[in-house]
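Down below is the structure, laid out as structure tokens.
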Amino acid sequence: MNLKAKIFLLAIVPFALAIGGITYGVRQQAQSLAQAQHDTTQAAYVSSKEIELRHYVEIAKSAIAPYYDAPANDPRSDEERRRLALDALQRLDFGQDGYFFVYTMHGTSLMHPRQPDLVGRDLWLMRDPNGALTIQELIQQASKGGGYVRYVWRRPSTGLLAPKLGYVVPLERWGWMMGTGIYLEDVETTLARIDSQAAVNIRRTLMWIGLIAFAALAIIAACGAVLNISEHRSADAKLKRLARQVVDSQEQERARLSRELHDGISQMLVSVKLLLESALARFERGAAREPTAEAALATSLGRLSGTLREVRRISHALRPAMLDDLGLAAALEQLAREFDGQNGTEVRFESTHDGKPCAPQRATLPDPVNTVLFRIAQEALTNIARHAQASRAALTLDIATHAVTLDITDNGRGFDAHDAFSDPASGVGLRNMRERLDALGGMLAISSQPGRTSIAASVPLPLAAPNLQGHTDER
């Protein structure tokens, strides 16, 4: 793992852990608050309903008070007063499912306005679905002086069993238990709505945390990408600058070796050749001729002349003096003459100005431009001689006000430029051409098909000027 990836992980991992911890803490706290709200609401709601039930029972007791608390001289019989009290309670209700009920203290139903089929029945042993003795629990609470009981009863409006909160009081003189109740489904519905809203709020909060985290991660990633791109560009610029320095160093070393060969070894070889020629001339003019020595000297002179030509060829290949002395056009013309006739290929050179033919002349081009275009021509002609199997090739140098273009064409068998660039094992020369031009802000255009291949190298001179500054300073 490289340093950039490590730094990126050091930035992302702690942030992700922090966001995860915050999300977990917020979720737990929100759930705790929601549960506390649920419990508080439930307690308040049930408490209000308990007060409401007690108030209803007090109203019912007031309604039957004239019969239950009648004076001793009341002309009505006790049985008649009981019947009138039951009639009064029968008429009392509050809402669709709000009613009063009356049982004896032994579990017999005396009055039930919503379920008249229960009236007169002994319900002492009646159990709910959970096995609880409902009527016994109500009577037990009433015998203690009254109180609240939770039980399950059939709801009249739906016909289904539902949890119910009842409040009962005893009517001791008559041996009755009177009470009423409310169904808790409404309470549960209200609490479920509160819980649902709390869950929605929790999800919304977590969603906002997620969005904020995602936005922060996106910002971090964007900053990392910008930093990476900036560093990549900086590294690419440094690499290109290093490549230019390497190429310049190579060119300088080639120029130095070329001068050493031309001015040093070549001159010494010329001096040796002159001495051998002088010795041979003295042998030939002398009275005593030595045929064997003369033949040896003549052979040595021939081999020395070949060595001198080879040294000059190497010196010229390293860096032709004509490129520095007479300019790019003259060097390219000389290069075309050198390759002319190799492997049966006719090579011609043409110089133009703004597309119009003109005689080769020394142009004031920057030295890096001269070097790059000459090396491209040299590489192209070498490839033509080795691989193209062409009968004709042409070099065209066009020097305009704002650009200089070198076009090398041949009528060989052609090649696939895409494969040449993508295959690491081949196309090294083409890639070198492109890299040399990139250093000057130039462009390389390649078009190849059987019968015609064109390599066009163009350097925009004003655009090349900033790139040439480093070359000028280094040279």
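Just remember, in the structure tokens the first chain shown is A, the second B, etc., residues are 1-based per chain, and ligands are 1-based in the order shown.
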For this session: Among the residues of range 91-329 of chain A, find those DSSP assigns to strand (DSSP E or B) from the backbone and print them as a PyMOL selection string.
Result: chain A and resi 93+99-104+108-111+122+127+133+147-154+161-171+176-183
For this session: Tell me, as an MDAnalysis selection string, which residues lie within 8 Å of Leu86 in chain A, counting only C-alpha atoms; anything in the same chain fewer than 3 positions away does not count.
Result: chainID A and resid 82:83 89:90 110:111
Using the selection just defined, write its residues with C-alpha atoms as a short mmCIF file (atom, residue, chain, number, x, y, z; two decimals), in the first residue's frame.
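Saved as again_2.cif:
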```
data_model
loop_
_atom_site.label_atom_id
_atom_site.label_comp_id
_atom_site.auth_asym_id
_atom_site.auth_seq_id
_atom_site.Cartn_x
_atom_site.Cartn_y
_atom_site.Cartn_z
CA ARG A 82 -84.19 -0.90 42.79
CA ARG A 83 -86.04 -1.24 39.50
CA LEU A 89 -78.58 3.49 34.91
CA GLN A 90 -79.85 1.81 31.72
CA LEU A 110 -78.62 -7.27 36.83
CA MET A 111 -78.21 -4.70 34.04
#
```
For this session: List the neighbours of Val168 in chain A out to 6 Å using only C-alpha atoms; skip same-chain residues closer than 2 positions along the sequence, and give me the result as a list in words.
Result: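 Listed by chain and then number, they are Ala142, Gly146, Gly147, Met178 and Gly179 of chain A.
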Create the file for the chosen residues now, containing N, CA and C atoms and written as a PDB file, in the first residue's frame.
```pdb
ATOM      1  N   ALA A 142     -64.547  -4.234  44.154  1.00  0.00           N
ATOM      2  CA  ALA A 142     -65.668  -3.470  44.723  1.00  0.00           C
ATOM      3  C   ALA A 142     -65.805  -3.740  46.213  1.00  0.00           C
ATOM      4  N   GLY A 146     -64.073  -0.175  46.253  1.00  0.00           N
ATOM      5  CA  GLY A 146     -64.042   0.383  44.903  1.00  0.00           C
ATOM      6  C   GLY A 146     -62.611   0.529  44.389  1.00  0.00           C
ATOM      7  N   GLY A 147     -62.494   0.502  43.086  1.00  0.00           N
ATOM      8  CA  GLY A 147     -61.181   0.665  42.494  1.00  0.00           C
ATOM      9  C   GLY A 147     -61.177   0.324  41.008  1.00  0.00           C
ATOM     10  N   MET A 178     -71.631  -1.751  41.093  1.00  0.00           N
ATOM     11  CA  MET A 178     -71.911  -0.903  39.937  1.00  0.00           C
ATOM     12  C   MET A 178     -70.589  -0.377  39.388  1.00  0.00           C
ATOM     13  N   GLY A 179     -70.495  -0.301  38.075  1.00  0.00           N
ATOM     14  CA  GLY A 179     -69.269   0.218  37.487  1.00  0.00           C
ATOM     15  C   GLY A 179     -69.428   0.594  36.020  1.00  0.00           C
TER      16      GLY A 179
END
```
For this session: Do a neighbour search on Lys164 in chain A at 8 Å with only C-alpha atoms, toss out local chain neighbours closer than 2 positions, and write the hits as a list in words.
Result: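 My reading of the contact set: Arg150, Tyr151, Val152, Trp153, Ala162, Gly166, Gly181, Ile182, Tyr183 and Leu184 of chain A.
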Problem set entry | CA of Asn370 in chain A to CA of Asp325 in chain A, straight-line distance in Å | 11.6 Å
For this session: Could you please write out, as an MDAnalysis selection string, every residue of range 390-442 of chain A that DSSP assigns to helix (DSSP H, G or I)?
Result: chainID A and resid 417:422 428:439
Problem set entry | Distance of CA of Ala44 in chain A from CA of Arg27 in chain A, expressed in Å to one decimal place | 25.4 Å
Problem set entry | Between CA of Arg303 in chain A and CA of Glu284 in chain A, distance in Å (one decimal) | 19.6 Å
